[in-house]
Number of protein chains: 2
Amino acid sequence: MGSEGFDKLSLDSIRQTLIGLEDTIIFSLIARAKFPLNSPAYDPNANKNVSFPGSLMEFLVKGAEAVQSQGGRYQTPEEVPFFPDGLPSAIICTSNCLQILPPAAASISVNKNIWDIYVNQFLPLLAAKGDDGNYALAVASDLVCLQAISRRIHYGKYVAEVKFRGAPEAYTAAIRAKDRDALMNMLTDEKVEAMVKQRVQKKAMVFGQEVTLSVTSNNSSNYKVDPSLVYRLYDEWIIPLTKEVEVQYLLRRLD
Amino acid sequence: MGSEGFDKLSLDSIRQTLIGLEDTIIFSLIARAKFPLNSPAYDPNANKNVSFPGSLMEFLVKGAEAVQSQGGRYQTPEEVPFFPDGLPSAIICTSNCLQILPPAAASISVNKNIWDIYVNQFLPLLAAKGDDGNYALAVASDLVCLQAISRRIHYGKYVAEVKFRGAPEAYTAAIRAKDRDALMNMLTDEKVEAMVKQRVQKKAMVFGQEVTLSVTSNNSSNYKVDPSLVYRLYDEWIIPLTKEVEVQYLLRRLD
């Protein structure tokens, strides 16, 4: 196990990674919010004169994932493609090929939920109504958002492993009993969750303000992304889906 | 000419776009700085067991551009590919297909300079020494940086058009005389340039701070990207290359 493997299973290192991903997620949301909704990009029935099935977003994300997969992106359990079927193999192998979690970890994915929530629930709240024709740019921003959110959520595999190692007997009993509720209960720390949600809201205020040379405006109407929407993203979607990944991981931990 | 075409030739709208791109550029730099340099990704002689020529970065950027081009990315003069040779055509045409600048605008590109400066001069200053194996992720971040910087610089085409329209006689004389120095002189506003450089430095301080619930640290050692490096990026590279695009545009404005 290399130093990276070691880092990914230290609680402090995991915490630092998750905190860093908060910034990445908020930056990516601000970048996407610069474009209007551009709904034809997400509509499988729009652009029907073109030569691919599905929406333009599906075409662009699938194509981008194929290239990144060849470049070695999906060799760690926290990097999960949205279109795993027919994904080309990596043509390069880096130190990331080291497996530090049980093989079952690789197959756990909640990306279908993430995609569905992002496109159908979250994006219409994030982006203003309208269409500026910049579909390829807007979707490139979507992909950065989706990848950051997905990485954050699937990092739950490491969180679960560390929690398991901290209390193997209690977890083993719940896993053998296939008791999802007990596992969810053991994984939940409401105090920490509340802190995370407050912190991302505060970050959205800091990063989403208009910065000028004269005054730094803190007028709430000027935030580039509504801080309460970032709170809600974590509250309703990111934190619950992370715990779902953790439960799925634990249920297969003893396979 | 649609409303977008109109907007892109209003000075106020151009200014807002350029200011917004400052945020995008700084966010992308912060995201890249989370990875170490990962130099084998940029070395054409590394990874020689794999089936593509050039560096992994070239492979990944070229592949990403091919997908985005099919999705319609490169249909505006400010979006310029780094690998234009053999780039597949767009399979979708949005409102962006409207040409609001003379056709010569499309061919103007300083992307070779941008790439060279980014990889060889800027990146070693931005990223810490080291190799964490996350090449595909680091290069995906590089692409976001490169595209934001390139868009900012090639937006100079609109800047030049607006300046030309504001003083057509003076510009026409310099263009006919092929007087680059006179053009550069007319395009230069040192007061505005100084303001831009100060503003991006301030933005790097605001966006690059550690945000915690207790205190927001403003300790300079904690910035995620050195604010003076962002100042320098604009001072030495972005502003001069934008003016180079403006001069090249003007020299072909009367073709």
# chains A, B, ... in the order shown; residues from 1 in each chain; ligands from 1
>>> interface_residues(of="chain B", to="chain A", cutoff="8 Å", atoms="only C-alpha atoms", output="number ranges by chain")
B: 4, 24, 27, 31, 47, 50-51, 56, 59-60, 63-64, 67-68, 71-73, 91-92, 94-96, 132-137, 195, 198-199, 202-203, 206-207, 211-213
>>> residues_around(residues="segment 237-240 of chain B", least_positions_apart="6", cutoff="12 Å", atoms="only C-alpha atoms", output="ChimeraX atom specification")
/B:18,21-22,25,110-111,113-118,121-122,146,148-156,184,187-190,192-197,200,229-231,246-247
>>> residues_around(residues="Pro124 of chain A", least_positions_apart="4", cutoff="12 Å", atoms="only C-alpha atoms", output="JSON, numbers by chain")
{"A": [32, 33, 35, 36, 37, 38, 39, 42, 117, 118, 119, 120, 128, 129, 130, 229]}
>>> select_by_dssp(residues="segment 116-228 of chain B", states="helix (DSSP H, G or I)", output="MDAnalysis selection string")
chainID B and resid 116:126 135:154 156:166 168:176 180:187 190:207 220:222 227:228
